[in-house]
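The structure appears below as structure tokens.
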Amino acid sequence: MKVAVLSFAHERAATYAQLLHDMPDVELLVADPDGAAEDPARGSATARRLGARYVGSWDELFALRPDAVVVTSEVDRRRELVERAAGAGAQVLCEHPPAVDEADARAMVRACEDAGVRLSFASPACFGPAFAAVRKEITEGEVLGGLTAVHGAYNRPRPAGAEAARSGALGTNAPPVFDMVDAVLGGIPAEQVYAQSNSVLGAEPGVESAALVTVRYADGTVVSVDCSWGPADSGPAVGGPALTFIGERASVEFTAAPRLLGGFDAATSRERWGTRGDDPYAVMLGEFVAAVRQGSGAGPDGAAALRTLRIIQAARASARTGQPVELAVPVTVQP
Amino acid sequence: MRQLEIALIGAGLIARMHLEAWIGAGASVRVHSLDGRAAELAAEFGAKAVDSLAEALDGADAVDICSPTGTHRDIALAAIAKNVAVVCEKPLAADVTEAEEIVGAAERAGVPVYPAHDIRFAPAFARLHELVAEGRLGAGTVARFTVAGYHPRPWTGHASVESGGILTDQMLHGVDIAYWLFGDVVRVHAHYQGEIAAPAPQGTAAVGTAVLTHASGALSQVVSRWTPTPQPPIRVTYHVSGTGGTIVHDSEWPQEIQVSGGPAGTFGYYGESPFSSEIREFAQALRGGPEPRLVSHDALAAVRITQAAARSAWTGRAVELPVKGAAA
């Protein structure tokens with residue numbers, strides 16, 4: 001199976017390339033023709049290091065008919081790349097956000113639907129067997145009863161990449177959390193969004209480094225989450241989101257990357273923190289590639305990413321005005 | 001690829017877990033046991049039951065011995081004589097002489113012996129060993145291991161207090177991990193308390209407290225306990241120190257899923273069963289893959305150390321263990 005990593009603008013592109021390259025039945029293609037001003041050879045250098053095939057132009061890349069692509073470009077290039085992938089019949093795994101503008105995101109979703117390709121989003125916490133067990137349990141409701149409220153946090157530190165950092169804590173930390181909630185609620189839309197933010201930790205004025213978001217969904221479920229950046233050196237202790245799902249009878253706490261090992265590491269003079277060892281990005285790419293092979297879908301789809309994008313945009317508006325934002329009943333994407 | 005043929009001997013609790021894991025690893029299994037339960041167990045998993053050990057071993061790639069410890073030697077020697085590889089539930093044998101007989105016969109015949117010490121495949125211990133093997137702990141200094149659990153059924157075999165009784169079984173876990181991390185053990189001291197002779201009823205309480213001195217100078221403490229009631233559930237902890245820091249674990253730390261409130265029968269997620277990882281690794285080795293993380297000599301070392309602990313508890317003296325190549 002041919003899988004292409006499209007651009008190295010996103011900080012995790014190299015990680016994805018490495019993980020895909022390590023899969024025995026995947027032929028990795030790498031393309032980064034737009035490069036970066038400060039590091040024009042980043043894509044070809046990564047390809048050379050991995051021994052993967054580097055492709056010098058988008059035309060050439062799509063002419064090779066990849067079975068799937070991973071879109072890790074700058075946000076404003078994602079629509080074009082997703083539309084071209086759809087045109088080439090390639091299944092797509094796209095980084096968040098799909099686009100800055102909701103209209104662009106809708107166009108991407110429509111292009112994939114029209115072409116019959118599955119558009120998936122890179123929310124690692126939505127993949128893996130433990131989260132699947134939580135989803136199943138909440139759906140069945142036998143232990144928890146009906147879901148009433150969700151609270152939790154994702155406090156990943158400010159990312160190194162400039163573009164991601166400019167999108168603020170809401171841009172970097174809210175998508176995985178709201179994708180998880182969307183998966184558990186089965187796509188029920190948000191009705192009201194309230195958010196407060198500050199930029200105390202941020203280096204850039206006006207870019208939020210802390211944000212609390214409260215959402216009421218159409219079925220009455222209330223979700224309140226902390227999407228703030230953690231301290232820069234907080235390390236793997238904040239490796240993944242943690243959410244508590246409160247039901248009518250009981251609650252369940254889900255921690256995406258819990259501590260398995262602790263202790264003290266003399267080499268770094270820091271606390272040790274080890275997890276079970278399943279790399280969440282490896283799990284995500286493994287499920288994505290398996291779904292491509294089976295012709296099924298894995299992880300949040302385009303419609304889910306649109307719902308998440310609407311929540312984040314409403315959260316930004318709410319944080320500006322200080323008042324909750326009511327969301328209109330969303331229009332279903334029609335072909 | 002040709003399907004592995006496994007002769008599973010025994011039809012108890014461990015046999016059931018191994019059978020499920022072998023089926024999961026794609027093997028074909030014939031089950032034989034002397035307690036009349038083989039047919040029922042085999043039927044449940046779509047395996048077949050056979051009436052004799054000879055029939056079970058005929059054409060098998062490996063025997064998996066899950067019968068009572070006292071039967072391990074004869075079954076293992078019968079398999080080795082037919083050039084059938086041996087997978088054996090811990091302990092490999094009831095005493096050092098029998099364990100040496102098995103390992104010696106296997107070496108002479110060139111037949112592999114893979115002891116099933118499932119704890120090496122539990123993620124907390126597998127990760128611990130990875131870190132230590134990568135040098136992240138530096139030189140090992142002191143380690144402490146605890147296991148506390150309830151035995152879900154009566155012990156039916158016969159074992160004297162002098163032999164270590166029911167503690168030998170559980171003590172082996174901590175001892176095996178200490179040996180895996182820090183290597184050969186040269187001195188053992190232990191106290192065994194409780195009604196440890198078998199047969200013993202369900203709910204028998206016992207505690208073993210052992211100190212191991214490794215050839216490297218590192219020290220290990222193993223506290224192993226059968227609890228009288230099923231609650232609290234099994235708890236495993238360790239605290240391992242070296243020049244590079246410490247590595248600690250407590251099975252009570254919350255993992256991915258934690259439920260509070262609500263009715264009984266809650267759910268959780270603990271990753272792949274250690275039995276599945278273990279049997280898969282053995283199956284790969286039997287198909288010509290890499291050697292598994294533990295082989296006959298590890299089983300022999302574990303039996304030697306647990307038997308030394310039993311002897312120490314019985315005599316009240318520390319027991320010296322000879323190590324080949326070590327200065328006298």
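As shown in the structure tokens, the chain order sets the letters A, B, ...; within each chain, residues go from 1, and ligands are also counted from 1 in the order they appear.
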
(message) Taking 3 positions as the minimum chain separation for residues in the same chain, which residues sit within 10 Å of B:Gly59 when counting only C-alpha atoms? Answer as an NGL selection string.
(response) :B and (5-7 or 54-56 or 62 or 82-84)

(request) Hey, list the chain A side of the contact with chain B: 12 Å cut-off, only C-alpha atoms, answer as JSON, numbers by chain. (result) {"A": [125, 128, 129, 130, 131, 132, 133, 134, 135, 136, 137, 138, 141, 142, 143, 144, 145, 146, 240, 241, 242, 243, 244, 245, 246, 247, 248, 249, 250, 251, 252, 253, 254, 255, 256, 257, 258, 259, 260, 261, 262, 263, 264, 265, 266, 267, 268, 269, 270, 271, 272, 273, 274, 275, 276, 277, 278]}

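Residues lying within 8 Å of stretch 191-194 of chain B, counting only C-alpha atoms and ignoring same-chain neighbours fewer than 5 positions away, are B:Gly164, B:Leu167, B:Thr204, B:Ala205, B:Ala206, B:Val207, B:Gly208, B:Thr209, B:Ala210, B:Ala309, B:Ala310, B:Ser312, B:Ala313, B:Gly316.
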
C-alpha atoms of the current selection, written as a PDB file, in the first residue's frame:
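File written: result_1.pdb
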```
ATOM      1  CA  GLY B 164       8.180 -24.087  50.619  1.00  0.00           C
ATOM      2  CA  LEU B 167       4.583 -19.846  48.855  1.00  0.00           C
ATOM      3  CA  THR B 204      -5.246 -19.908  53.225  1.00  0.00           C
ATOM      4  CA  ALA B 205      -3.105 -16.944  54.309  1.00  0.00           C
ATOM      5  CA  ALA B 206       0.673 -17.010  54.104  1.00  0.00           C
ATOM      6  CA  VAL B 207       3.571 -14.568  53.876  1.00  0.00           C
ATOM      7  CA  GLY B 208       7.071 -15.061  52.514  1.00  0.00           C
ATOM      8  CA  THR B 209       9.817 -12.504  53.206  1.00  0.00           C
ATOM      9  CA  ALA B 210      13.065 -13.048  51.313  1.00  0.00           C
ATOM     10  CA  ALA B 309      14.468 -19.544  50.133  1.00  0.00           C
ATOM     11  CA  ALA B 310      12.399 -22.513  51.329  1.00  0.00           C
ATOM     12  CA  SER B 312      16.445 -20.898  54.556  1.00  0.00           C
ATOM     13  CA  ALA B 313      12.941 -20.525  55.983  1.00  0.00           C
ATOM     14  CA  GLY B 316      16.726 -20.416  59.839  1.00  0.00           C
TER      15      GLY B 316
END
```

(message) So that I can check the secondary structure, give me every residue of stretch 57-269 of chain A assigned strand (DSSP E) by backbone DSSP, as a VMD selection string.
(response) chain A and resid 68 to 71 91 to 94 119 to 121 147 to 153 190 to 198 210 to 217 222 to 226 242 to 247 250 to 255 264 to 265

(request) Would you kindly return, as JSON, numbers by chain, each protein, DNA or RNA residue with an atom no farther than 10 Å from any atom of stretch 292-303 of chain B, considering only C-alpha atoms and excluding same-chain residues fewer than 2 positions away? (result) {"B": [86, 87, 88, 89, 90, 91, 92, 93, 94, 95, 96, 97, 98, 99, 100, 102, 103, 104, 106, 107, 112, 113, 114, 115, 116, 117, 120, 121, 126, 168, 169, 171, 172, 173, 174, 175, 176, 177, 178, 179, 180, 183, 184, 185, 278, 279, 280, 281, 282, 283, 284, 285, 286, 289, 290, 305, 306, 307, 308, 309]}

(request) Pick out the closest residue to B:Leu34 from this set: B:Ala105, B:Ala85, B:Leu321, B:Ala11. Count only C-alpha atoms. (result)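 Nearest to B:Leu34: B:Ala11.
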